[in-house]
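Structure file query.txt; described as compact mmCIF, C-alpha atoms.
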```
# COMPACT_ATOMS: atom_id res chain seq x y z
CA MET A 210 -79.41 139.68 -20.73
CA GLU A 211 -81.72 137.29 -18.96
CA VAL A 212 -80.98 134.83 -16.16
CA VAL A 213 -82.89 131.65 -17.02
CA ALA A 214 -81.88 129.46 -14.06
CA SER A 215 -79.83 129.23 -10.90
CA ALA A 216 -78.38 126.09 -9.34
CA GLY A 217 -76.92 125.23 -5.97
CA ASN A 218 -74.63 122.45 -7.18
CA GLY A 219 -72.98 121.07 -10.29
CA ASP A 220 -75.49 118.30 -10.92
CA ASP A 221 -78.41 120.75 -10.86
CA ALA A 222 -76.46 123.19 -13.06
CA VAL A 223 -75.96 120.51 -15.69
CA ALA A 224 -79.64 119.51 -15.61
CA LEU A 225 -80.79 123.14 -15.85
CA ALA A 226 -78.40 123.88 -18.71
CA ILE A 227 -79.79 120.92 -20.61
CA GLU A 228 -83.34 122.07 -19.90
CA HIS A 229 -82.86 125.78 -20.74
CA GLN A 230 -80.09 125.64 -23.38
CA PRO A 231 -78.57 129.02 -22.45
CA GLU A 232 -76.17 130.89 -24.73
CA VAL A 233 -73.78 131.28 -21.80
CA CYS A 234 -73.59 129.22 -18.65
CA ILE A 235 -71.77 130.72 -15.65
CA LEU A 236 -70.44 128.17 -13.20
CA ASP A 237 -68.60 128.49 -9.91
CA LEU A 238 -65.34 126.58 -9.84
CA GLU A 239 -66.27 125.26 -6.40
CA MET A 240 -69.52 123.51 -7.28
CA PRO A 241 -70.14 120.35 -5.30
CA PRO A 242 -70.23 117.40 -5.63
CA THR A 243 -67.05 117.62 -7.76
CA ASP A 244 -66.05 120.99 -9.19
CA GLY A 245 -67.08 123.55 -11.78
CA ILE A 246 -64.71 122.18 -14.40
CA TYR A 247 -66.40 118.78 -14.21
CA ALA A 248 -69.82 120.48 -14.43
CA ALA A 249 -68.59 122.53 -17.40
CA GLU A 250 -67.40 119.39 -19.13
CA GLN A 251 -70.83 117.77 -18.64
CA VAL A 252 -72.67 120.88 -19.85
CA LEU A 253 -70.48 121.22 -22.93
CA ARG A 254 -71.06 117.56 -23.84
CA SER A 255 -74.81 118.09 -23.76
CA VAL A 256 -75.53 121.68 -24.78
CA ALA A 257 -74.36 124.05 -27.49
CA THR A 258 -73.40 126.77 -25.04
CA ARG A 259 -70.35 128.61 -23.82
CA VAL A 260 -69.15 128.37 -20.24
CA ILE A 261 -67.61 130.99 -17.98
CA LEU A 262 -66.05 129.88 -14.71
CA VAL A 263 -65.87 132.22 -11.74
CA THR A 264 -63.52 131.49 -8.89
CA ARG A 265 -61.93 132.84 -5.77
CA HIS A 266 -59.02 130.39 -6.21
CA ALA A 267 -57.34 131.45 -9.41
CA ARG A 268 -54.60 128.83 -9.48
CA PRO A 269 -52.72 128.40 -12.77
CA GLY A 270 -53.33 124.66 -13.04
CA VAL A 271 -57.05 125.22 -12.67
CA LEU A 272 -56.97 127.65 -15.59
CA ARG A 273 -55.14 125.10 -17.72
CA ARG A 274 -57.71 122.41 -16.84
CA ALA A 275 -60.56 124.79 -17.61
CA LEU A 276 -59.18 125.77 -21.00
CA ALA A 277 -58.44 122.14 -21.85
CA ASN A 278 -62.12 121.43 -21.18
CA ARG A 279 -63.27 124.15 -23.60
CA VAL A 280 -64.28 126.75 -21.00
CA SER A 281 -64.63 130.10 -22.79
CA GLY A 282 -64.19 132.46 -19.85
CA PHE A 283 -62.34 132.45 -16.56
CA VAL A 284 -62.81 135.30 -14.10
CA PRO A 285 -62.33 135.93 -10.39
CA LYS A 286 -65.42 136.33 -8.23
CA SER A 287 -64.22 139.86 -7.46
CA THR A 288 -64.90 140.94 -11.06
CA PRO A 289 -67.16 144.02 -11.01
CA ALA A 290 -70.67 143.45 -12.39
CA ASP A 291 -70.23 145.80 -15.36
CA LYS A 292 -67.02 144.04 -16.42
CA LEU A 293 -68.64 140.62 -15.95
CA ALA A 294 -71.50 141.74 -18.20
CA ARG A 295 -68.95 142.69 -20.90
CA VAL A 296 -67.24 139.32 -20.51
CA ILE A 297 -70.58 137.52 -20.86
CA ARG A 298 -71.37 139.47 -24.03
CA ASP A 299 -67.90 138.79 -25.48
CA VAL A 300 -68.15 135.07 -24.72
CA ALA A 301 -71.67 134.93 -26.18
CA ALA A 302 -70.23 136.52 -29.34
CA GLY A 303 -67.72 133.68 -29.63
CA ARG A 304 -64.67 135.24 -28.00
CA ARG A 305 -62.71 133.90 -25.05
CA TYR A 306 -61.82 135.82 -21.93
CA VAL A 307 -59.25 135.03 -19.27
CA ASP A 308 -58.60 137.50 -16.50
CA PRO A 309 -55.17 139.03 -17.23
CA ASP A 310 -53.81 138.45 -13.72
CA ILE A 311 -54.83 134.79 -13.82
CA ALA A 312 -53.29 134.40 -17.28
CA ALA A 313 -50.00 135.97 -16.18
CA SER A 314 -49.86 133.69 -13.16
CA ALA A 315 -50.54 130.63 -15.32
CA LEU A 316 -47.78 131.55 -17.74
CA ALA A 317 -45.27 131.95 -14.91
CA SER A 318 -46.06 128.64 -13.19
CA GLU A 319 -44.67 125.19 -13.86
CA SER A 320 -46.60 122.65 -15.87
CA CYS A 321 -48.06 119.52 -14.35
CA PRO A 322 -45.64 116.56 -14.25
CA LEU A 323 -48.40 114.02 -13.54
CA THR A 324 -50.14 111.74 -16.00
CA PRO A 325 -53.92 111.93 -16.41
CA ARG A 326 -54.31 108.64 -14.54
CA GLU A 327 -52.12 109.83 -11.65
CA LEU A 328 -54.35 112.91 -11.45
CA ASP A 329 -57.46 110.69 -11.39
CA VAL A 330 -56.03 108.70 -8.50
CA LEU A 331 -55.06 111.84 -6.56
CA ARG A 332 -58.57 113.26 -7.03
CA GLU A 333 -59.91 110.14 -5.39
CA CYS A 334 -57.29 110.41 -2.63
CA ARG A 335 -58.59 113.91 -1.85
CA LYS A 336 -61.98 112.37 -1.21
CA GLY A 337 -60.36 110.23 1.47
CA GLY A 338 -60.86 106.93 -0.30
CA THR A 339 -58.94 103.81 0.61
CA ILE A 340 -56.94 101.91 -2.01
CA PRO A 341 -59.79 99.38 -2.59
CA VAL A 342 -62.36 102.19 -2.87
CA ILE A 343 -60.18 104.15 -5.31
CA ALA A 344 -59.52 100.99 -7.32
CA LYS A 345 -63.23 100.23 -7.58
CA SER A 346 -64.12 103.83 -8.44
CA LEU A 347 -61.54 104.00 -11.24
CA ARG A 348 -61.94 100.36 -12.31
CA LEU A 349 -58.29 99.60 -11.61
CA ALA A 350 -56.52 96.88 -9.69
CA PRO A 351 -55.43 97.91 -6.17
CA GLY A 352 -51.79 97.31 -7.12
CA THR A 353 -52.16 99.66 -10.07
CA VAL A 354 -53.60 102.34 -7.80
CA ARG A 355 -50.62 101.91 -5.45
CA ASN A 356 -48.24 102.28 -8.41
CA TYR A 357 -49.92 105.51 -9.56
CA ILE A 358 -49.84 106.89 -6.01
CA SER A 359 -46.18 105.97 -5.61
CA SER A 360 -45.28 107.57 -8.93
CA ALA A 361 -47.19 110.77 -8.09
CA MET A 362 -45.61 110.95 -4.64
CA SER A 363 -42.16 110.59 -6.19
CA LYS A 364 -42.78 113.26 -8.82
CA LEU A 365 -44.14 115.68 -6.22
CA ASP A 366 -41.60 114.79 -3.52
CA ALA A 367 -44.49 114.04 -1.18
CA GLY A 368 -44.27 111.89 1.94
CA THR A 369 -47.83 110.57 1.81
CA ARG A 370 -50.58 110.18 -0.74
CA GLN A 371 -52.54 112.93 1.02
CA ASP A 372 -49.50 115.22 0.74
CA ALA A 373 -49.34 114.43 -2.98
CA ALA A 374 -53.06 115.08 -3.41
CA THR A 375 -52.78 118.34 -1.47
CA ALA A 376 -49.79 119.45 -3.56
CA ALA A 377 -51.66 118.69 -6.79
CA TRP A 378 -54.72 120.53 -5.47
CA ASP A 379 -52.65 123.54 -4.41
CA GLN A 380 -51.19 123.76 -7.91
CA GLY A 381 -54.66 123.51 -9.42
CA TRP A 382 -53.92 120.27 -11.26
CA ILE A 383 -56.87 118.50 -9.65
```
Render the structure in this file as structure tokens.
Amino acid sequence: MEVVASAGNGDDAVALAIEHQPEVCILDLEMPPTDGIYAAEQVLRSVATRVILVTRHARPGVLRRALANRVSGFVPKSTPADKLARVIRDVAAGRRYVDPDIAASALASESCPLTPRELDVLRECRKGGTIPVIAKSLRLAPGTVRNYISSAMSKLDAGTRQDAATAAWDQGWI
């Protein structure tokens, strides 16, 4: 096994993966400026590689998002080095690996009631954007953004858009 690059953020990780074309790319779920799932999505669009996400926040919704974005491995940061090496080899060989405790938690949790667009809006809410800023970012009309926020708040029984965004984040949906 050889480490070909190391990055401090998601944008650099994507650029280095494109440059080095690794067999396996290991990403931290908490990679700024967005998150490791977004970085994984960008890497997998550009490189024939497999991605393993490591995390200290093993929320079930995050696992679902990761798997939906073709991530091949999902492990906690507390995984011992020898086990991580086995996971890397398995993923490189074409297998998938999900930590059993994370998988059990994901199976026991509820599924996300929000639409993809509601999730997009709540992601922007987490960044602290105003309605006009969110509308511009997502290329939506401000009224449409308000409708998505209202719908998400209703589904999550949240009093404010920040409460809705926090609830979605806590569940790992965004």
**Report entry** Spatial neighbours of A:Ile246, 8 Å, all atoms listed in the file, chain gap at least 5 places, as a list in words
**Finding:** Leu238, Leu262, Arg274, Ala275 and Asn278 of chain A
note - atom CA of A:Ile235 and atom CA of A:Ala290 are separated by 13.2 Å
Q | Shell around A:Glu228 at 12 Å using only C-alpha atoms, local window under 4 positions removed, as JSON, numbers by chain | A | {"A": [213, 214, 221, 222, 223, 224, 252, 255, 256, 257]}
Item to complete: Point out the residue among A:Val260, A:Ala350, A:Ala315, A:Ala344 with the least atom-to-atom distance to A:Leu236, counting all atoms listed in the file.
Response: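 For A:Leu236, the nearest of the given residues is A:Val260.
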Practice task
Find the spatial neighbours of A:Val300, counting all atoms listed in the file, within a cut-off of 9 Å - ignore same-chain residues fewer than 4 positions away - and output them as a PyMOL selection string.
Solution key: chain A and resi 233+259-261+281-282+295-296+304-306
Across A:Ser314, A:Ser320, A:Ser359, A:Asp237, the smallest distance to A:Phe283, with only C-alpha atoms counted, is shown by A:Asp237
A:Ala313 proximity check over A:Met240, A:Ala301, A:Ile358, A:Leu272, using only C-alpha atoms: winner is A:Leu272
Report as number ranges by chain all protein, DNA and RNA residues lying within 12 Å of A:Thr324, evaluated on only C-alpha atoms, omitting residues in the same chain fewer than 5 positions from it.
A: 329-331, 357-358, 360-361, 364, 377, 382-383
Practice problem: May I have the residues within 10 Å of A:Ser287 as a ChimeraX atom specification, using all atoms listed in the file and disregarding those fewer than 6 positions away in the same chain? | Solution: /A:263-265,293
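With distances taken over all atoms listed in the file, A:Ala376 is the one residue among A:Ala376, A:Ile297, A:Val307, A:Ala302 lying closest to A:Cys334.
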Would you give the centre and edge lengths, in Å to one decimal, of a box along x, y and z around the listed atoms of stretch 308-312 of chain A, with 5 Å added to each side, as lines of an AutoDock Vina configuration file?
```
center_x = -55.9
center_y = 136.7
center_z = -15.5
size_x = 15.3
size_y = 14.6
size_z = 13.6
```
In terms of only C-alpha atoms, the residue from A:Ile311, A:Leu225, A:Val354, A:Leu323 at minimal distance from A:Pro341 is A:Val354
Exercise for the section: Taking (-73.6, 119.9, -6.1) in the file's own coordinates, collect the residues within 8 Å, counting only C-alpha atoms, and hand them back as number ranges by chain. Expected result: A: 217-221, 240-243
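Going from atom CA of A:Glu250 to atom CA of A:Arg279 covers 7.7 Å.
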query = Of the candidates A:Ile227, A:Leu365, A:Val284, A:Val271, which one gets nearest to A:Thr258 if we count all atoms listed in the file?
reply =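 Distance minimum relative to A:Thr258 lands on A:Ile227.
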| In Å, with one decimal, what is the gap from atom CA of A:Thr375 to atom CA of A:Gly337? |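 Calculated distance between atom CA of A:Thr375 and atom CA of A:Gly337 is 11.5 Å.
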Fix up stretch 283-316 of chain A with N, CA and C atoms, then write it as a compact mmCIF listing (two decimals), keeping the file's coordinate frame.
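Resulting contents of out_24.txt:
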```txt
# COMPACT_ATOMS: atom_id res chain seq x y z
N PHE A 283 -62.85 132.78 -17.88
CA PHE A 283 -62.34 132.45 -16.56
C PHE A 283 -62.09 133.76 -15.84
N VAL A 284 -62.90 134.02 -14.81
CA VAL A 284 -62.81 135.30 -14.10
C VAL A 284 -62.85 135.10 -12.59
N PRO A 285 -62.21 136.01 -11.85
CA PRO A 285 -62.33 135.93 -10.39
C PRO A 285 -63.71 136.40 -9.94
N LYS A 286 -64.13 135.92 -8.77
CA LYS A 286 -65.42 136.33 -8.23
C LYS A 286 -65.46 137.83 -7.92
N SER A 287 -64.29 138.42 -7.78
CA SER A 287 -64.22 139.86 -7.46
C SER A 287 -64.43 140.75 -8.69
N THR A 288 -64.67 140.16 -9.85
CA THR A 288 -64.90 140.94 -11.06
C THR A 288 -66.13 141.82 -10.89
N PRO A 289 -65.99 143.13 -11.13
CA PRO A 289 -67.16 144.02 -11.01
C PRO A 289 -68.27 143.63 -12.00
N ALA A 290 -69.50 143.88 -11.60
CA ALA A 290 -70.67 143.45 -12.39
C ALA A 290 -70.63 143.99 -13.82
N ASP A 291 -70.24 145.25 -14.01
CA ASP A 291 -70.23 145.80 -15.36
C ASP A 291 -69.19 145.10 -16.24
N LYS A 292 -68.05 144.76 -15.66
CA LYS A 292 -67.02 144.04 -16.42
C LYS A 292 -67.49 142.62 -16.71
N LEU A 293 -68.12 141.96 -15.73
CA LEU A 293 -68.64 140.62 -15.95
C LEU A 293 -69.67 140.62 -17.08
N ALA A 294 -70.51 141.63 -17.12
CA ALA A 294 -71.50 141.74 -18.20
C ALA A 294 -70.81 141.84 -19.57
N ARG A 295 -69.71 142.60 -19.64
CA ARG A 295 -68.95 142.69 -20.90
C ARG A 295 -68.35 141.33 -21.26
N VAL A 296 -67.82 140.64 -20.26
CA VAL A 296 -67.24 139.32 -20.51
C VAL A 296 -68.31 138.37 -21.03
N ILE A 297 -69.48 138.39 -20.42
CA ILE A 297 -70.58 137.52 -20.86
C ILE A 297 -70.93 137.82 -22.32
N ARG A 298 -71.04 139.10 -22.64
CA ARG A 298 -71.37 139.47 -24.03
C ARG A 298 -70.28 139.02 -25.01
N ASP A 299 -69.02 139.21 -24.62
CA ASP A 299 -67.90 138.79 -25.48
C ASP A 299 -67.92 137.28 -25.69
N VAL A 300 -68.12 136.54 -24.62
CA VAL A 300 -68.15 135.07 -24.72
C VAL A 300 -69.35 134.63 -25.56
N ALA A 301 -70.49 135.26 -25.37
CA ALA A 301 -71.67 134.93 -26.18
C ALA A 301 -71.41 135.19 -27.66
N ALA A 302 -70.56 136.18 -27.95
CA ALA A 302 -70.23 136.52 -29.34
C ALA A 302 -69.15 135.60 -29.92
N GLY A 303 -68.68 134.64 -29.12
CA GLY A 303 -67.72 133.68 -29.63
C GLY A 303 -66.28 133.92 -29.23
N ARG A 304 -66.03 134.96 -28.45
CA ARG A 304 -64.67 135.24 -28.00
C ARG A 304 -64.39 134.52 -26.69
N ARG A 305 -63.12 134.45 -26.34
CA ARG A 305 -62.71 133.90 -25.05
C ARG A 305 -62.23 135.04 -24.18
N TYR A 306 -62.34 134.82 -22.87
CA TYR A 306 -61.82 135.82 -21.93
C TYR A 306 -61.18 135.11 -20.75
N VAL A 307 -59.95 135.49 -20.47
CA VAL A 307 -59.25 135.03 -19.27
C VAL A 307 -58.75 136.27 -18.57
N ASP A 308 -59.07 136.37 -17.28
CA ASP A 308 -58.60 137.50 -16.50
C ASP A 308 -57.09 137.64 -16.68
N PRO A 309 -56.60 138.84 -16.97
CA PRO A 309 -55.17 139.03 -17.23
C PRO A 309 -54.26 138.60 -16.08
N ASP A 310 -54.66 138.85 -14.85
CA ASP A 310 -53.81 138.45 -13.72
C ASP A 310 -53.72 136.93 -13.61
N ILE A 311 -54.83 136.26 -13.86
CA ILE A 311 -54.83 134.79 -13.82
C ILE A 311 -53.96 134.25 -14.96
N ALA A 312 -54.08 134.85 -16.13
CA ALA A 312 -53.29 134.40 -17.28
C ALA A 312 -51.80 134.58 -17.02
N ALA A 313 -51.42 135.72 -16.46
CA ALA A 313 -50.00 135.97 -16.18
C ALA A 313 -49.47 134.96 -15.17
N SER A 314 -50.25 134.67 -14.16
CA SER A 314 -49.86 133.69 -13.16
C SER A 314 -49.69 132.30 -13.78
N ALA A 315 -50.60 131.94 -14.67
CA ALA A 315 -50.54 130.63 -15.32
C ALA A 315 -49.30 130.52 -16.20
N LEU A 316 -48.95 131.58 -16.88
CA LEU A 316 -47.78 131.55 -17.74
C LEU A 316 -46.48 131.43 -16.95
```
